[in-house]
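Structure file my_file.cif (mmCIF, C-alpha atoms and all ligand atoms) is printed below.
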```cif
data_start
loop_
_atom_site.label_atom_id
_atom_site.label_comp_id
_atom_site.auth_asym_id
_atom_site.auth_seq_id
_atom_site.Cartn_x
_atom_site.Cartn_y
_atom_site.Cartn_z
CA MET A 1 -0.37 -2.64 -34.82
CA GLY A 2 -4.10 -2.61 -34.24
CA PRO A 3 -6.01 0.59 -33.61
CA VAL A 4 -6.12 1.93 -30.09
CA THR A 5 -9.56 0.94 -28.85
CA LYS A 6 -9.68 2.30 -25.30
CA GLN A 7 -11.37 5.61 -24.63
CA ALA A 8 -8.60 8.16 -24.24
CA ILE A 9 -8.70 10.98 -21.71
CA PHE A 10 -6.53 14.11 -21.60
CA LEU A 11 -5.32 15.20 -18.14
CA GLY A 12 -4.37 18.83 -17.57
CA GLY A 13 -5.83 22.23 -18.17
CA GLU A 14 -5.73 25.90 -17.35
CA LEU A 15 -3.23 25.46 -14.49
CA TYR A 16 -0.52 25.06 -17.14
CA ARG A 17 -1.08 28.51 -18.62
CA PHE A 18 0.31 30.28 -15.57
CA GLY A 19 3.55 30.23 -13.57
CA GLY A 20 6.14 27.64 -14.32
CA PHE A 21 9.69 28.14 -15.49
CA ARG A 22 10.83 31.64 -16.42
CA GLY A 23 13.52 33.64 -18.18
CA ASN A 24 16.10 31.67 -20.10
CA HIS A 25 15.36 28.27 -18.56
CA PRO A 26 14.95 25.62 -21.30
CA LEU A 27 11.48 24.79 -19.92
CA ALA A 28 10.32 28.42 -20.09
CA ILE A 29 8.36 27.71 -23.27
CA PRO A 30 4.63 27.09 -23.70
CA ARG A 31 4.19 23.35 -23.35
CA VAL A 32 0.89 21.89 -22.14
CA ALA A 33 -0.85 25.22 -22.90
CA ALA A 34 0.34 25.08 -26.53
CA VAL A 35 -0.92 21.50 -26.81
CA LEU A 36 -4.31 22.52 -25.40
CA ASP A 37 -4.49 25.41 -27.87
CA LEU A 38 -3.46 23.32 -30.87
CA CYS A 39 -5.85 20.49 -29.97
CA HIS A 40 -8.68 23.00 -29.52
CA ALA A 41 -7.85 24.55 -32.91
CA LEU A 42 -8.08 21.09 -34.47
CA GLY A 43 -11.38 20.38 -32.69
CA TRP A 44 -9.73 17.47 -30.91
CA LEU A 45 -10.41 18.31 -27.27
CA PRO A 46 -14.07 18.40 -26.24
CA GLU A 47 -14.54 18.99 -22.50
CA SER A 48 -15.91 15.47 -22.14
CA GLU A 49 -12.44 14.10 -22.98
CA ARG A 50 -10.45 16.25 -20.53
CA LEU A 51 -9.93 16.25 -16.76
CA ASP A 52 -7.93 18.58 -14.51
CA CYS A 53 -5.05 17.11 -12.52
CA PRO A 54 -5.83 16.97 -8.79
CA GLU A 55 -3.09 18.19 -6.44
CA ALA A 56 -1.37 15.35 -4.59
CA ASP A 57 -1.49 16.09 -0.86
CA HIS A 58 1.43 16.01 1.56
CA GLU A 59 0.71 12.47 2.68
CA GLN A 60 0.60 11.21 -0.92
CA LEU A 61 3.82 13.01 -1.86
CA CYS A 62 5.57 11.51 1.17
CA MET A 63 4.77 7.99 -0.03
CA PHE A 64 7.85 8.39 -2.24
CA HIS A 65 9.53 11.70 -1.43
CA ASP A 66 11.20 12.57 1.87
CA ALA A 67 8.91 14.73 4.01
CA ALA A 68 11.76 17.19 4.64
CA TYR A 69 12.24 17.67 0.89
CA VAL A 70 8.52 18.15 0.29
CA GLU A 71 8.46 20.71 3.10
CA ALA A 72 11.53 22.54 1.76
CA LEU A 73 9.91 22.87 -1.66
CA ARG A 74 6.65 24.14 -0.20
CA ARG A 75 8.57 26.58 2.01
CA ALA A 76 10.63 27.91 -0.92
CA ASP A 77 7.54 28.30 -3.09
CA SER A 78 5.61 30.33 -0.53
CA ALA A 79 8.59 32.40 0.65
CA GLY A 80 9.63 33.19 -2.91
CA HIS A 81 13.25 32.33 -2.20
CA VAL A 82 15.39 29.31 -1.32
CA SER A 83 17.72 29.31 1.67
CA ALA A 84 21.37 28.42 1.07
CA ASP A 85 20.92 25.34 3.22
CA ASP A 86 17.90 24.10 1.24
CA ARG A 87 19.69 24.85 -2.04
CA ALA A 88 22.67 22.75 -1.02
CA ARG A 89 20.61 19.92 0.43
CA TYR A 90 17.74 19.65 -2.06
CA HIS A 91 19.23 21.14 -5.28
CA ILE A 92 16.35 23.63 -5.58
CA GLY A 93 16.66 27.31 -6.32
CA THR A 94 19.47 26.59 -8.79
CA PHE A 95 19.54 27.41 -12.52
CA GLU A 96 18.71 23.77 -13.17
CA ASN A 97 15.82 23.51 -10.73
CA PRO A 98 14.44 26.99 -10.08
CA VAL A 99 11.52 27.48 -7.70
CA ALA A 100 9.00 30.26 -8.29
CA PRO A 101 5.52 30.83 -6.90
CA GLY A 102 3.37 28.06 -8.35
CA SER A 103 6.21 25.57 -8.80
CA TYR A 104 5.01 23.45 -5.88
CA LEU A 105 1.40 23.39 -7.09
CA ARG A 106 2.39 22.42 -10.62
CA ALA A 107 4.71 19.67 -9.38
CA ALA A 108 2.09 18.36 -6.91
CA CYS A 109 -0.54 18.38 -9.69
CA ALA A 110 1.82 16.47 -11.99
CA VAL A 111 1.93 13.80 -9.25
CA GLY A 112 -1.83 13.94 -8.65
CA GLY A 113 -2.36 13.58 -12.41
CA SER A 114 -0.12 10.52 -12.58
CA ILE A 115 -1.96 8.87 -9.67
CA LEU A 116 -5.31 9.64 -11.31
CA ALA A 117 -3.96 8.38 -14.64
CA ALA A 118 -3.12 5.02 -13.04
CA ASP A 119 -6.66 4.77 -11.60
CA LEU A 120 -8.20 5.66 -14.97
CA ALA A 121 -6.04 3.10 -16.75
CA MET A 122 -7.32 0.45 -14.34
CA GLN A 123 -10.87 1.50 -15.22
CA GLY A 124 -10.15 0.74 -18.88
CA ARG A 125 -9.40 4.29 -19.99
CA LEU A 126 -6.29 5.46 -21.82
CA PRO A 127 -5.01 8.55 -19.99
CA PHE A 128 -2.58 11.05 -21.58
CA HIS A 129 -0.98 13.36 -19.01
CA PRO A 130 1.52 15.57 -20.85
CA ALA A 131 2.51 17.57 -17.73
CA GLY A 132 3.70 14.30 -16.19
CA GLY A 133 6.88 12.41 -17.01
CA MET A 134 9.30 14.21 -14.67
CA HIS A 135 11.57 11.18 -14.71
CA HIS A 136 14.75 12.61 -13.13
CA GLY A 137 13.25 13.64 -9.75
CA ARG A 138 14.82 11.96 -6.72
CA ARG A 139 13.33 10.83 -3.42
CA ASP A 140 15.15 13.55 -1.51
CA ARG A 141 16.07 16.19 -4.10
CA ALA A 142 15.31 17.82 -7.42
CA SER A 143 17.24 16.81 -10.51
CA GLY A 144 17.27 17.66 -14.21
CA PHE A 145 14.39 20.23 -14.13
CA CYS A 146 12.26 17.70 -12.20
CA LEU A 147 10.98 18.48 -8.70
CA PHE A 148 8.78 15.46 -7.93
CA ASN A 149 9.02 12.19 -9.84
CA ASP A 150 5.41 11.64 -10.93
CA PRO A 151 6.06 8.49 -13.05
CA VAL A 152 7.10 6.67 -9.87
CA PHE A 153 3.69 7.49 -8.40
CA ALA A 154 1.89 6.09 -11.44
CA LEU A 155 3.92 2.86 -11.19
CA ARG A 156 3.31 2.51 -7.46
CA ARG A 157 -0.39 3.22 -7.85
CA LEU A 158 -0.67 0.44 -10.43
CA ALA A 159 1.03 -1.86 -7.93
CA GLU A 160 -1.46 -0.77 -5.25
CA HIS A 161 -4.18 -1.97 -7.60
CA GLY A 162 -2.70 -5.43 -7.11
CA LEU A 163 -0.70 -5.76 -10.33
CA ASP A 164 2.53 -7.68 -10.01
CA ARG A 165 4.08 -7.12 -13.46
CA ILE A 166 4.41 -3.49 -14.42
CA ALA A 167 6.52 -2.08 -17.24
CA TYR A 168 8.01 1.36 -17.67
CA VAL A 169 9.04 2.54 -21.14
CA ASP A 170 10.93 5.82 -21.45
CA PHE A 171 11.04 7.43 -24.91
CA ASP A 172 12.56 10.73 -23.67
CA ALA A 173 15.96 11.59 -25.19
CA HIS A 174 17.49 11.46 -21.70
CA HIS A 175 17.94 8.34 -19.58
CA GLY A 176 15.08 7.80 -17.11
CA ASP A 177 17.54 7.51 -14.23
CA GLY A 178 15.24 8.69 -11.44
CA VAL A 179 12.57 6.13 -12.23
CA GLN A 180 15.01 3.28 -12.85
CA ASP A 181 16.66 3.83 -9.46
CA ALA A 182 13.39 4.43 -7.59
CA VAL A 183 11.91 1.08 -8.60
CA ALA A 184 15.15 -0.95 -8.71
CA ALA A 185 14.32 -2.83 -5.50
CA ASP A 186 10.73 -3.63 -6.52
CA ALA A 187 10.53 -7.04 -8.24
CA ARG A 188 7.18 -6.09 -9.84
CA MET A 189 8.75 -3.30 -11.92
CA HIS A 190 10.61 -3.63 -15.23
CA THR A 191 12.09 -0.56 -16.91
CA LEU A 192 13.33 0.23 -20.41
CA SER A 193 14.77 3.50 -21.68
CA ILE A 194 15.75 4.54 -25.22
CA HIS A 195 17.88 7.67 -24.98
CA GLU A 196 20.73 9.47 -26.67
CA ALA A 197 24.21 8.29 -25.70
CA GLY A 198 26.55 10.89 -24.25
CA ARG A 199 23.78 13.11 -22.87
CA TRP A 200 23.09 14.18 -19.33
CA PRO A 201 22.69 12.39 -16.86
CA HIS A 202 25.33 10.13 -18.47
CA THR A 203 23.79 6.97 -17.03
CA GLY A 204 21.85 4.19 -18.76
CA ALA A 205 24.71 2.49 -20.60
CA ALA A 206 23.84 -0.55 -22.71
CA ASP A 207 25.19 -2.89 -20.03
CA ASP A 208 23.30 -1.17 -17.20
CA ALA A 209 20.64 -3.67 -16.11
CA SER A 210 20.34 -2.08 -12.66
CA THR A 211 19.11 -4.87 -10.36
CA GLY A 212 18.43 -7.14 -13.35
CA ARG A 213 15.10 -5.73 -14.54
CA ALA A 214 16.28 -2.67 -16.48
CA VAL A 215 17.01 -2.44 -20.20
CA ASN A 216 18.92 0.54 -21.57
CA LEU A 217 19.28 1.46 -25.23
CA PRO A 218 21.63 4.43 -25.64
CA VAL A 219 21.51 5.47 -29.31
CA PRO A 220 24.24 7.48 -31.03
CA PRO A 221 23.39 11.07 -32.04
CA GLY A 222 21.37 11.29 -35.26
CA CYS A 223 19.00 8.39 -34.49
CA SER A 224 16.86 7.91 -37.63
CA ASP A 225 13.31 6.66 -38.08
CA GLY A 226 14.68 3.35 -39.34
CA GLU A 227 16.92 2.96 -36.31
CA TYR A 228 14.12 3.81 -33.92
CA ARG A 229 11.90 1.24 -35.57
CA VAL A 230 14.60 -1.44 -35.29
CA LEU A 231 14.94 -0.80 -31.56
CA VAL A 232 11.18 -0.82 -30.99
CA ASP A 233 10.44 -3.87 -33.17
CA GLU A 234 13.47 -5.93 -32.21
CA VAL A 235 13.89 -5.01 -28.55
CA VAL A 236 11.04 -3.05 -26.95
CA LEU A 237 8.14 -5.17 -28.21
CA PRO A 238 9.90 -8.56 -27.67
CA TRP A 239 10.82 -7.34 -24.17
CA LEU A 240 7.13 -6.62 -23.48
CA ASP A 241 6.23 -10.06 -24.86
CA MET A 242 8.78 -11.59 -22.50
CA ILE A 243 7.67 -9.91 -19.28
CA ARG A 244 3.95 -9.82 -20.18
CA PRO A 245 3.13 -6.80 -18.00
CA ASP A 246 -0.40 -6.09 -16.77
CA ALA A 247 0.24 -2.37 -17.19
CA VAL A 248 2.75 0.03 -18.67
CA VAL A 249 3.72 3.62 -17.91
CA VAL A 250 5.18 5.37 -20.97
CA VAL A 251 7.21 8.59 -20.75
CA CYS A 252 7.06 10.56 -24.00
CA GLY A 253 9.55 13.40 -23.86
CA THR A 254 9.43 15.17 -27.22
CA ASP A 255 13.18 15.82 -27.07
CA ALA A 256 13.49 12.52 -28.97
CA LEU A 257 12.04 14.30 -32.02
CA ASP A 258 14.08 15.86 -34.80
CA GLY A 259 14.80 19.55 -34.13
CA ASP A 260 15.12 19.55 -30.35
CA PRO A 261 17.82 21.97 -29.14
CA LEU A 262 18.91 19.77 -26.19
CA SER A 263 19.38 16.52 -28.10
CA ALA A 264 20.41 15.34 -31.56
CA MET A 265 17.92 12.56 -32.27
CA GLU A 266 16.31 12.80 -35.71
CA VAL A 267 13.14 10.79 -35.23
CA SER A 268 10.04 12.06 -37.05
CA ASN A 269 6.84 12.48 -35.08
CA GLY A 270 5.11 9.79 -37.15
CA ALA A 271 7.70 7.17 -36.22
CA TRP A 272 7.54 8.27 -32.60
CA TRP A 273 3.72 8.15 -32.40
CA GLY A 274 3.90 4.68 -33.93
CA ALA A 275 6.35 3.55 -31.25
CA VAL A 276 4.12 4.78 -28.40
CA ALA A 277 0.99 3.30 -29.99
CA ALA A 278 2.70 -0.06 -30.47
CA VAL A 279 3.63 -0.20 -26.77
CA VAL A 280 0.16 0.90 -25.64
CA ALA A 281 -1.53 -1.68 -27.89
CA ARG A 282 0.62 -4.47 -26.42
CA VAL A 283 -0.37 -4.08 -22.75
CA PRO A 284 -3.81 -4.33 -21.06
CA HIS A 285 -3.52 -1.04 -19.12
CA ALA A 286 -1.45 1.99 -20.15
CA VAL A 287 -0.59 5.40 -18.72
CA VAL A 288 0.95 7.85 -21.20
CA LEU A 289 2.94 10.74 -19.72
CA GLY A 290 4.85 13.69 -21.17
CA GLY A 291 8.48 14.37 -20.28
CA GLY A 292 11.16 16.69 -21.64
CA GLY A 293 11.02 18.62 -24.89
CA TYR A 294 12.57 22.03 -25.54
CA ASN A 295 11.41 22.94 -29.03
CA PRO A 296 7.90 24.38 -28.57
CA TRP A 297 6.93 23.66 -32.22
CA THR A 298 7.95 20.00 -32.30
CA LEU A 299 6.56 19.62 -28.76
CA ALA A 300 3.13 21.11 -29.54
CA ARG A 301 2.85 19.08 -32.77
CA GLY A 302 4.33 15.95 -31.16
CA TRP A 303 2.00 15.84 -28.16
CA SER A 304 -1.07 17.03 -30.07
CA GLY A 305 -0.50 14.34 -32.69
CA LEU A 306 0.11 11.80 -29.94
CA TRP A 307 -3.21 12.74 -28.36
CA GLY A 308 -4.77 12.34 -31.82
CA GLN A 309 -3.19 8.91 -32.18
CA LEU A 310 -4.41 7.79 -28.73
CA SER A 311 -7.91 9.21 -29.20
CA GLY A 312 -8.39 7.90 -32.76
CA ARG A 313 -7.86 11.14 -34.69
CA SER A 314 -5.44 12.05 -37.44
CA HIS A 315 -4.64 15.01 -39.62
CA GLU A 316 -3.19 15.17 -43.13
CA GLY A 317 -2.10 18.12 -45.22
CA PRO A 318 -1.94 21.80 -44.30
CA LEU A 319 -3.21 22.96 -40.92
CA ASN A 320 -6.18 25.31 -40.62
CA GLY A 321 -5.71 29.01 -39.81
CA PRO A 322 -6.32 28.81 -36.05
CA ALA A 323 -3.87 25.91 -35.70
CA ARG A 324 -1.20 27.80 -37.68
CA ALA A 325 -1.79 30.84 -35.51
CA VAL A 326 -1.04 28.77 -32.39
CA LEU A 327 2.25 27.56 -33.88
CA GLN A 328 3.12 30.99 -35.27
CA GLY A 329 2.70 32.47 -31.79
CA LEU A 330 5.37 30.25 -30.23
CA HIS A 331 8.85 31.46 -29.38
CA CYS A 332 12.01 29.85 -28.04
CA ASP A 333 15.28 31.43 -26.90
CA LEU A 334 17.21 28.31 -27.91
CA ILE A 335 16.03 28.39 -31.54
CA ASP A 336 16.71 31.31 -33.88
CA ASP A 337 13.89 32.62 -36.04
CA ASP A 338 15.62 31.41 -39.22
CA GLU A 339 15.90 27.91 -37.73
CA VAL A 340 12.12 27.60 -37.41
CA ARG A 341 11.20 25.23 -40.23
CA GLN A 342 8.22 26.08 -42.38
CA GLU A 343 6.58 22.69 -41.73
CA TRP A 344 6.65 23.37 -37.97
CA ILE A 345 4.01 26.05 -38.64
CA SER A 346 2.07 24.63 -41.57
CA THR A 347 1.67 20.91 -40.81
CA LEU A 348 1.13 18.50 -37.95
CA ASN A 349 3.09 15.61 -39.45
CA ASP A 350 6.84 15.66 -40.03
CA ARG A 351 8.15 14.35 -43.29
CA HIS A 352 9.28 10.73 -42.93
CA GLY A 353 12.79 10.54 -41.53
CA ALA A 354 15.72 8.57 -42.88
CA GLU A 355 15.55 4.77 -42.92
CA THR A 356 19.32 4.36 -42.74
CA ILE A 357 20.41 1.96 -40.01
CA ARG A 358 24.00 2.34 -38.83
CA ASP A 359 26.09 -0.59 -37.60
CA PRO A 360 26.32 0.60 -33.97
CA VAL A 361 22.53 0.60 -33.76
CA ARG A 362 22.28 -2.88 -35.31
CA MET A 363 24.81 -4.05 -32.72
CA LEU A 364 22.94 -2.32 -29.90
CA ALA A 365 19.73 -4.13 -30.92
CA ARG A 366 21.51 -7.46 -31.35
CA ASP A 367 23.28 -7.27 -27.99
CA ALA A 368 20.05 -6.24 -26.26
CA ARG A 369 18.18 -9.17 -27.84
CA GLN A 370 20.87 -11.57 -26.69
CA ALA A 371 20.76 -10.15 -23.17
CA LEU A 372 16.97 -10.56 -23.18
CA ALA A 373 17.26 -14.16 -24.31
CA ARG A 374 19.70 -14.88 -21.48
CA ARG A 375 17.40 -13.21 -18.99
CA HIS A 376 14.41 -15.12 -20.38
CA ARG A 377 16.22 -18.44 -19.89
CA GLN A 378 17.02 -17.50 -16.29
CA LEU A 379 13.41 -16.52 -15.67
CA SER A 380 12.17 -19.80 -17.19
CA LEU A 381 14.53 -21.75 -14.93
CA LEU A 382 13.26 -19.83 -11.91
CA GLU A 383 9.65 -20.41 -12.86
CA THR A 384 10.08 -24.15 -13.55
CA PRO A 385 9.07 -26.07 -10.41
ZN ZN B 1 14.70 14.68 -21.86
#
```
Please, can you express the file's structure as structure tokens?
Amino acid sequence: MGPVTKQAIFLGGELYRFGGFRGNHPLAIPRVAAVLDLCHALGWLPESERLDCPEADHEQLCMFHDAAYVEALRRADSAGHVSADDRARYHIGTFENPVAPGSYLRAACAVGGSILAADLAMQGRLPFHPAGGMHHGRRDRASGFCLFNDPVFALRRLAEHGLDRIAYVDFDAHHGDGVQDAVAADARMHTLSIHEAGRWPHTGAADDASTGRAVNLPVPPGCSDGEYRVLVDEVVLPWLDMIRPDAVVVVCGTDALDGDPLSAMEVSNGAWWGAVAAVVARVPHAVVLGGGGYNPWTLARGWSGLWGQLSGRSHEGPLNGPARAVLQGLHCDLIDDDEVRQEWISTLNDRHGAETIRDPVRMLARDARQALARRHRQLSLLETP
């Protein structure tokens, strides 16, 4: 793939140092703040390349979400507790989707950041918004740690700019169900998700095409670098060539990386950065969002290295002292101290992963290619006068 030539811009800042998930919630780890710290330690984040995320206002949020749900979340946030009725109706105030002071602001800023990212992409910039990518959020309720669904706002904003072919690529280890369903009725939107089979939310089977514009690639546990590359080269990129989108929104949950406690994919960060860069290089306008990711070491290295890739920077060899100190200072309830690999502290780049390609993955790629070819023929018939 060619080098990324657009000027990248990092969205997010100090807001992400405070509040957020607490206690033993899988998201109660430093995420965007650790990325900011690591990028600063590497000298990769001058102020001129960073913008804060604006808060989406009530009217903007209600362009996708139900007003009653938005109100319930705001009410819970300011009251500091969730009523039984709101918990039952909107799935907030549960272990899965806790609400604490600041939750509303962070979620509304994730949406504001995704809207801004779409505008910046249309201005020829390459925005990276790691606090975005909350792909499970539903119109009228929270789901899967996601309150608002910011990727939907990025997609809709691109459509508001007059684009009529928009792609969504989801590299998170979990199926991007919320986004797929939210845009299913919109003929301008085409979605693709690579995720681990057998994981929550248990949707996104290989034969799930939604309303005909969704592609789903559920990979068996243990997905290797070689397998990831086969899926990207043989399905994702040909799919982009087929639909020729004007813009793409990419969700980059780091739970696809080797070492994540909530998934069993074994992709190295180098293979994963290459996949995102290949998608971004293929499409005129791109918005790059975060997503899940529950290992703070692989997350901080994964997103920092992704920012490096997008902004034309790279790092080889051992990390400098300040960068190591950032990684050394991380902690995670889901990962024991003796499970913290030495390279998670000392390097940015994972060792290359396995190139082995198992038969089920070859078949998944082959079946997906055949389905694409069938769809392409149908599209050609429709487009022939
Ligand atoms: Zn995930």
For His65 of chain A, which of A:His129, A:Arg301, A:Arg141, A:His352 is the closest residue, counting all atoms listed in the file?
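Looking at the shortest contact to His65 of chain A, the residue is A:Arg141.
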Taking all atoms listed in the file and a cut-off of 12 Å, can you tell me which residues surround ligand ZN 1 (chain B), written as a PDB file with C-alpha atoms, in the frame of the given file?
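Once everything was written out, this is result.pdb:
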```pdb
ATOM      1  CA  PRO A  26      14.950  25.620 -21.300  1.00  0.00           C
ATOM      2  CA  LEU A  27      11.480  24.790 -19.920  1.00  0.00           C
ATOM      3  CA  GLY A 133       6.880  12.410 -17.010  1.00  0.00           C
ATOM      4  CA  MET A 134       9.300  14.210 -14.670  1.00  0.00           C
ATOM      5  CA  HIS A 135      11.570  11.180 -14.710  1.00  0.00           C
ATOM      6  CA  HIS A 136      14.750  12.610 -13.130  1.00  0.00           C
ATOM      7  CA  SER A 143      17.240  16.810 -10.510  1.00  0.00           C
ATOM      8  CA  GLY A 144      17.270  17.660 -14.210  1.00  0.00           C
ATOM      9  CA  PHE A 145      14.390  20.230 -14.130  1.00  0.00           C
ATOM     10  CA  CYS A 146      12.260  17.700 -12.200  1.00  0.00           C
ATOM     11  CA  ASP A 170      10.930   5.820 -21.450  1.00  0.00           C
ATOM     12  CA  PHE A 171      11.040   7.430 -24.910  1.00  0.00           C
ATOM     13  CA  ASP A 172      12.560  10.730 -23.670  1.00  0.00           C
ATOM     14  CA  ALA A 173      15.960  11.590 -25.190  1.00  0.00           C
ATOM     15  CA  HIS A 174      17.490  11.460 -21.700  1.00  0.00           C
ATOM     16  CA  HIS A 175      17.940   8.340 -19.580  1.00  0.00           C
ATOM     17  CA  GLY A 176      15.080   7.800 -17.110  1.00  0.00           C
ATOM     18  CA  ASP A 177      17.540   7.510 -14.230  1.00  0.00           C
ATOM     19  CA  SER A 193      14.770   3.500 -21.680  1.00  0.00           C
ATOM     20  CA  ILE A 194      15.750   4.540 -25.220  1.00  0.00           C
ATOM     21  CA  HIS A 195      17.880   7.670 -24.980  1.00  0.00           C
ATOM     22  CA  GLU A 196      20.730   9.470 -26.670  1.00  0.00           C
ATOM     23  CA  ARG A 199      23.780  13.110 -22.870  1.00  0.00           C
ATOM     24  CA  TRP A 200      23.090  14.180 -19.330  1.00  0.00           C
ATOM     25  CA  PRO A 201      22.690  12.390 -16.860  1.00  0.00           C
ATOM     26  CA  VAL A 251       7.210   8.590 -20.750  1.00  0.00           C
ATOM     27  CA  CYS A 252       7.060  10.560 -24.000  1.00  0.00           C
ATOM     28  CA  GLY A 253       9.550  13.400 -23.860  1.00  0.00           C
ATOM     29  CA  THR A 254       9.430  15.170 -27.220  1.00  0.00           C
ATOM     30  CA  ASP A 255      13.180  15.820 -27.070  1.00  0.00           C
ATOM     31  CA  ALA A 256      13.490  12.520 -28.970  1.00  0.00           C
ATOM     32  CA  LEU A 257      12.040  14.300 -32.020  1.00  0.00           C
ATOM     33  CA  ASP A 260      15.120  19.550 -30.350  1.00  0.00           C
ATOM     34  CA  PRO A 261      17.820  21.970 -29.140  1.00  0.00           C
ATOM     35  CA  LEU A 262      18.910  19.770 -26.190  1.00  0.00           C
ATOM     36  CA  SER A 263      19.380  16.520 -28.100  1.00  0.00           C
ATOM     37  CA  ALA A 264      20.410  15.340 -31.560  1.00  0.00           C
ATOM     38  CA  MET A 265      17.920  12.560 -32.270  1.00  0.00           C
ATOM     39  CA  GLY A 290       4.850  13.690 -21.170  1.00  0.00           C
ATOM     40  CA  GLY A 291       8.480  14.370 -20.280  1.00  0.00           C
ATOM     41  CA  GLY A 292      11.160  16.690 -21.640  1.00  0.00           C
ATOM     42  CA  GLY A 293      11.020  18.620 -24.890  1.00  0.00           C
ATOM     43  CA  TYR A 294      12.570  22.030 -25.540  1.00  0.00           C
ATOM     44  CA  ASN A 295      11.410  22.940 -29.030  1.00  0.00           C
ATOM     45  CA  LEU A 299       6.560  19.620 -28.760  1.00  0.00           C
TER      46      LEU A 299
END
```
Which distance in Å separates atom CA of Arg138 of chain A and atom CA of Ala184 of chain A, to one decimal?
13.1 Å
What are the closest atom pairs, with distances in Å to one decimal, for all residues of segment 194-264 of chain A lying within 10 Å of segment 368-382 of chain A? Consider all atoms listed in the file, order rows by chain and residue number, and present the result as a Markdown table.
```
| residue | atom | partner | partner_atom | distance |
| --- | --- | --- | --- | --- |
| A:Ala206 | CA | A:Ala368 | CA | 7.7 |
| A:Asp207 | CA | A:Ala368 | CA | 8.7 |
| A:Ala209 | CA | A:Ala371 | CA | 9.6 |
| A:Gly212 | CA | A:Arg375 | CA | 8.3 |
| A:Arg213 | CA | A:Arg375 | CA | 9.0 |
| A:Val215 | CA | A:Ala368 | CA | 7.8 |
| A:Asn216 | CA | A:Ala368 | CA | 8.3 |
| A:Leu217 | CA | A:Ala368 | CA | 7.8 |
| A:Leu231 | CA | A:Ala368 | CA | 9.2 |
| A:Glu234 | CA | A:Arg369 | CA | 7.2 |
| A:Val235 | CA | A:Arg369 | CA | 6.0 |
| A:Val236 | CA | A:Arg369 | CA | 9.4 |
| A:Pro238 | CA | A:Arg369 | CA | 8.3 |
| A:Trp239 | CA | A:Leu372 | CA | 7.0 |
| A:Met242 | CA | A:His376 | CA | 7.0 |
| A:Ile243 | CA | A:His376 | CA | 8.6 |
```
Pick from A:Leu147, A:Trp307, A:Asp140, A:Ala34 nearest to Cys62 of chain A, counting all atoms listed in the file
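Looking at the shortest contact to Cys62 of chain A, the residue is A:Asp140.
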Do you know which residues are at most 9 Å from segment 112-115 of chain A counting all atoms listed in the file, after dropping those on the same chain fewer than 6 positions away, and could you put them as a list in words?
Leu11, Gly12, Asp52, Cys53, Pro54, Glu55, Ala56, Asp57, Gln60, Leu61, His129, Ala131, Gly132, Gly133, Asp150, Pro151, Val152, Phe153, Ala154, Leu155, Arg156, Arg157, Leu158, Val287 and Leu289 of chain A
One decimal, in Å: what's the spacing between atom CA of Gly124 of chain A and atom CA of Leu36 of chain A?
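That distance, rounded to one decimal, is 23.5 Å.
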Close residues, segment 272-283 of chain A itself excluded, 9 Å, only C-alpha atoms, min 2 positions apart in chain, as a VMD selection string
chain A and resid 1 to 5 126 169 171 225 228 to 229 232 to 233 236 to 237 240 to 241 244 to 250 252 254 256 to 257 267 to 270 285 to 288 302 to 303 305 to 306 309 to 310
For the selection you just gave me, I'd like the residues written to a file as a short mmCIF file (atom, residue, chain, number, x, y, z; two decimals), in the coordinates of the input, keeping C-alpha atoms.
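Generated output (result.cif):
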```cif
data_model
loop_
_atom_site.label_atom_id
_atom_site.label_comp_id
_atom_site.auth_asym_id
_atom_site.auth_seq_id
_atom_site.Cartn_x
_atom_site.Cartn_y
_atom_site.Cartn_z
CA MET A 1 -0.37 -2.64 -34.82
CA GLY A 2 -4.10 -2.61 -34.24
CA PRO A 3 -6.01 0.59 -33.61
CA VAL A 4 -6.12 1.93 -30.09
CA THR A 5 -9.56 0.94 -28.85
CA LEU A 126 -6.29 5.46 -21.82
CA VAL A 169 9.04 2.54 -21.14
CA PHE A 171 11.04 7.43 -24.91
CA ASP A 225 13.31 6.66 -38.08
CA TYR A 228 14.12 3.81 -33.92
CA ARG A 229 11.90 1.24 -35.57
CA VAL A 232 11.18 -0.82 -30.99
CA ASP A 233 10.44 -3.87 -33.17
CA VAL A 236 11.04 -3.05 -26.95
CA LEU A 237 8.14 -5.17 -28.21
CA LEU A 240 7.13 -6.62 -23.48
CA ASP A 241 6.23 -10.06 -24.86
CA ARG A 244 3.95 -9.82 -20.18
CA PRO A 245 3.13 -6.80 -18.00
CA ASP A 246 -0.40 -6.09 -16.77
CA ALA A 247 0.24 -2.37 -17.19
CA VAL A 248 2.75 0.03 -18.67
CA VAL A 249 3.72 3.62 -17.91
CA VAL A 250 5.18 5.37 -20.97
CA CYS A 252 7.06 10.56 -24.00
CA THR A 254 9.43 15.17 -27.22
CA ALA A 256 13.49 12.52 -28.97
CA LEU A 257 12.04 14.30 -32.02
CA VAL A 267 13.14 10.79 -35.23
CA SER A 268 10.04 12.06 -37.05
CA ASN A 269 6.84 12.48 -35.08
CA GLY A 270 5.11 9.79 -37.15
CA HIS A 285 -3.52 -1.04 -19.12
CA ALA A 286 -1.45 1.99 -20.15
CA VAL A 287 -0.59 5.40 -18.72
CA VAL A 288 0.95 7.85 -21.20
CA GLY A 302 4.33 15.95 -31.16
CA TRP A 303 2.00 15.84 -28.16
CA GLY A 305 -0.50 14.34 -32.69
CA LEU A 306 0.11 11.80 -29.94
CA GLN A 309 -3.19 8.91 -32.18
CA LEU A 310 -4.41 7.79 -28.73
#
```
For Asp86 of chain A, work out the shell of residues within 8 Å, counting all atoms listed in the file and skipping chain neighbours fewer than 5 positions away, then give it as a ChimeraX atom specification.
/A:72,91-92
Atoms kept (C-alpha atoms) for selection, written as a CSV table (one decimal), keeping the file's coordinate frame:
```
chain,number,residue,atom,x,y,z
A,72,ALA,CA,11.5,22.5,1.8
A,91,HIS,CA,19.2,21.1,-5.3
A,92,ILE,CA,16.4,23.6,-5.6
```
